[in-house]
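Single-structure report; data block below.
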Amino acid sequence: MLKAARKAFRKAAEEVIRTTPGARETAGHAAVGSGKRDAPVFELRLPAQRAVSEYANSVWTGVSELYETCRGHGAKLANGIELGTRDRGQDMWPKMKEDPGTVRADLVHALGFMYCTTDKPIENFGALTLREKLHGMFPRQYPSRWDDRGEAVFNDNRPYADSPLWLLNSLMMYIRETGDAGILNEEVTTVWLTDPEQPETSGIIGNKRRQRVIDAVFEVFESYQRHVKDTPYHLAQILYGDWCDPVDMFGTSVVGDTRTRGRGKGVQIRLSAHLFHTMVEAVDTLGASAARSALTGLDIDRRLTEIGKFASELREQMVKVAWEDNGGAFPAGFISAIHEMRKDGSTPDYGKGEIGYTLGSMRGLDFDGVKRRDLAVQAWGLQALATDRPYLKPIAGSDEMVRKLLSAVDKLHYDKKLGLVMYTVPMANNREVEALVGRMGIVPSGCAENGEYHHCQVFMHCFRMNVAGEADKVWQQMSPILSVTRDETIGGPFESPSNSYASDKADPHFGKGMYFGLSGQVDWLVEVFQKVAGVELALHDDARPDVSVRPRLPAALAEQLVFRRVIHQVQDGGGYRQIPLTVEIGRIGKGRNIKEPMIKVNGKVVSAAEVKKLEGLDSVKIEITYVHG
């Protein structure tokens with residue numbers, strides 16, 4: 001079965017470029033010399049934590065397997081294989097470090113599946129139809145090949161509300177890591193739903209509208225802006241669910257009725273924070289020199305100003321509606337999801353600040369009256385609170401909010417055996433949960449996404465690394481999900497990318513590894529390890545160094561690290577110039593007092609660990625030596 005799926009997927013993948021609009025130009029960006037390399041695409045050495053670095057390197061070996069084989073769900077759609085929009089978007093992050101040409105082609109292909117469900121202007125805010133909500137969204141799954149766009153394809157067209165964001169995250173990362181803003185001008189297709197009022201059973205069919213990638217970016221943000229205007233909470237609507245897809249009943253217009261999913265106005269705060277993050281990322285990337293050069297004739301400043309204003313207002317509303325802090329020892333943090341209605345189906349008085357039933361409230365507002373917190377929203381909310389840009393209205397007391405949020409995470413979510421639990425109190429496996437929360441109710445209490453889920457943990461680890469002074473806490477709390485740092489109680493062979501633990505303490509298998517399914521946490525773990533090394537690329541922005549290194553070293557590493565990867569810089573004639581990067585960190589001396597570190601770039605002593613421009617360099621070696629006296 002696996003051999004047949006691999007063969008089918010390889011055949012489909014080989015023809016993605018051929019069937020993608022602008023294929024000839026796109027194919028010209030295939031990585032130069034992508035077959036054999038003298039330099040490793042990813043390598044981490046930690047002399048003081050060798051087992052962890054060996055584990056990190058072993059995780060990397062799964063990147064291609066995940067991308068080329070495992071994210072194909074096996075169903076044959078049109079001429080290709082079914083791919084997950086959310087999964088594919090995250091899997092592009094490490095894959096582009098190895099093969100940006102393939103990621104470029106796949107991005108152009110995936111961005112050609114945007115729903116165009118109406119040709120009329122959408123202005124009916126407060127009463128949007130499902131058809132109007134879906135305009136600018138993407139299907140949960142899409143085919144890797146689709147030669148005859150006149151043939152309807154019946155794949156998984158449920159509109160998970162975060163699907164477009166993962167693709168935009170990868171698009172912006174690709175531009176930053178390669179400098180290739182030309183992708184924004186590639187032409188992409190759009191699709192039409194054969195039955196937009198029933199997307200879960202609808203087919204998709206080719207639509208006559210074609211647009212550039214940059215047009216798709218703006219259309220996605222306009223779609224979310226309509227969603228926000230359409231709900232009394234002025235936050236992002238959950239529709240059919242988001243990252244934690246079993247939570248799919250907060251978007252119903254009739255409490256407990258699955259047939260009304262997407263028609264309600266319930267919101268997801270994690271999704272709102274993700275949207276905020278993506279808009280800030282877009283403003284940063286599209287406002288830089290590479291995009292400005294590529295997007296001539298476009299009023300980019302006006303569009304970015306609008307996006308920045310939307311982002312600022314969205315963050316303000318997140319804090320206003322979903323931040324809970326009763327003072328004192330109260331575990332402050334964000335609510336996860338809010339339904340449009342109360343549990344009994346009555347309408348809250350929104351004007352007085354009343355809200356519907358929730359998931360993740362410590363005030364007893366949850367559907368079952370239990371006080372709980374959700375880790376995913378704390379992770380993305382942390383990132384939103386810690387973000388600072390000139391166009392964003394400051395959140396009063398945001399530093400203290402960050403401190404309180406992290407304190408609550410340490411107190412409520414951390415378990416020495418599990419790491420961080422997703423839900424501080426698991427949800428029961430019963431009809432009430434199934435009706436009011438969603439398919440979470442069909443999962444045994446405390447398992448997989450209903451409790452502790454490693455993918456969710458790495459959200460927090462990745463974003464917490466951005467907060468000064470938090471590296472030690474991240475290292476401590478991440479250790480339980482790495483098999484090499486666990487003891488024999490793990491209960492058998494375990495591999496972090498595809499497992500979670502039983503996390504309900506009443507479960508006789510508590511703390512033991514359980515297979516759940518392939519997870520995007522591989523993609524996030526690679527980013528965490530790169531954050532430890534402190535490597536940042538900005539090949540898209542003449543105002544910033546192409547490469548900068550700002551290590552975030554946990555004390556356990558004893559100031560010793562070697563990190564290697566390859567930078568792929570886009571070339572004017574097509575293809576990428578490969579530039580091996582090595583970061584070496586060490587220490588000399590035995591005293592406690594640390595002097596200014598000694599920094600070398602390609603053997604030359606410099607004042608900052610950065611490279612202004614890569615032109616003329618065949619390789620880069622950055623050495624940072626901490627001097628103790």
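Ordering of the structure tokens sets the chain letters (A, B, ...); residue numbers start at 1 within each chain; ligands are numbered from 1 in the order shown.
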* Find the residues around Lys411 in chain A up to 12 Å (only C-alpha atoms counted), leave out those fewer than 3 positions away in its own chain, and share them as a ChimeraX atom specification. => /A:329-332,373,404-408,414-416,419-421,424,477
* Write out as a list in words the residues lying within 8 Å of Asp91 in chain A, counting only C-alpha atoms and excluding same-chain residues fewer than 6 positions away. =>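 Listing them by chain and then by number gives Val63, Leu66, Tyr67, Gly520 and Asp523 of chain A.
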With N, CA, C and O atoms retained, export the selected residues as an mmCIF file, in the first residue's frame.
```cif
data_model
loop_
_atom_site.group_PDB
_atom_site.id
_atom_site.type_symbol
_atom_site.label_atom_id
_atom_site.label_comp_id
_atom_site.auth_asym_id
_atom_site.auth_seq_id
_atom_site.Cartn_x
_atom_site.Cartn_y
_atom_site.Cartn_z
ATOM 1 N N VAL A 63 12.004 15.266 6.847
ATOM 2 C CA VAL A 63 11.393 16.399 6.146
ATOM 3 C C VAL A 63 10.937 16.012 4.734
ATOM 4 O O VAL A 63 9.795 16.249 4.342
ATOM 5 N N LEU A 66 8.018 13.478 4.771
ATOM 6 C CA LEU A 66 6.744 14.133 5.065
ATOM 7 C C LEU A 66 6.226 14.874 3.838
ATOM 8 O O LEU A 66 5.045 14.800 3.496
ATOM 9 N N TYR A 67 7.128 15.573 3.181
ATOM 10 C CA TYR A 67 6.705 16.443 2.087
ATOM 11 C C TYR A 67 6.324 15.648 0.840
ATOM 12 O O TYR A 67 5.329 15.948 0.179
ATOM 13 N N GLY A 520 2.570 18.464 11.987
ATOM 14 C CA GLY A 520 3.411 19.555 11.504
ATOM 15 C C GLY A 520 4.437 19.998 12.511
ATOM 16 O O GLY A 520 5.182 20.952 12.253
ATOM 17 N N ASP A 523 8.009 20.636 11.351
ATOM 18 C CA ASP A 523 8.280 21.941 10.754
ATOM 19 C C ASP A 523 8.597 22.980 11.822
ATOM 20 O O ASP A 523 9.505 23.802 11.667
#
```
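Counting from CA of Glu536 in chain A, the distance to CA of Leu111 in chain A is 25.8 Å.
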* Nearby residues (only C-alpha atoms) at most 9 Å from Ala471 in chain A, same-chain spacing under 4 positions excluded, as number ranges by chain -> A: 461, 464-467, 475-476, 532, 552-555
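Relative to CA of Asp156 in chain A, CA of Arg431 in chain A is found at 24.9 Å.
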* To do: Apply DSSP to the structure's backbone, then extract all residues of range 380-610 of chain A labelled strand (DSSP E or B) and return them as a ChimeraX atom specification.
  => /A:414-415,419-420,423,438,446,451,499-501,513-515,535-537,547-549,561-570,576-588,594,598-601,604-606,610
* **Neighbour list for range 304-317 of chain A as a count of residues only, cut-off 6 Å, only C-alpha atoms, skip fewer than 6 positions in-chain** => 4
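With only C-alpha atoms as the atoms that count, the residue of A:Asn593, A:Thr625, A:Ser346, A:Gln578 with the shortest distance to Gln560 in chain A is A:Thr625.
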* Asked: With only C-alpha atoms as the atoms that count, which of A:Phe113, A:Asp541, A:Thr201, A:Cys456 lies nearest to Ser500 in chain A?
  -> A:Cys456
* Can you pull out every residue within 9 Å of range 170-177 of chain A, counting only C-alpha atoms, but drop anything in the same chain fewer than 4 positions away, and send it as a PyMOL selection string? => chain A and resi 89-93+96-97+100+103-104+107+165-166+181-184+278+281-282+285-286+290-291+536-541+546+567-569
* Name the residues of range 171-333 of chain A that fall into helix (DSSP H, G or I) according to DSSP on the backbone, using the chain letters and numbers of this document, as a PyMOL selection string. => chain A and resi 171-178+181-185+213-230+258-260+269-286+289-294+300-322
* Asked: Skipping near chain neighbours, those fewer than 3 positions away, what residues fall within 8 Å of range 627-629 of chain A using only C-alpha atoms, listed as a PyMOL selection string?
  -> chain A and resi 587-598
* Straight-line distance linking CA of Pro139 in chain A with CA of Pro164 in chain A, stated in Å to one decimal ->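 Here the two named atoms are 8.8 Å from each other.
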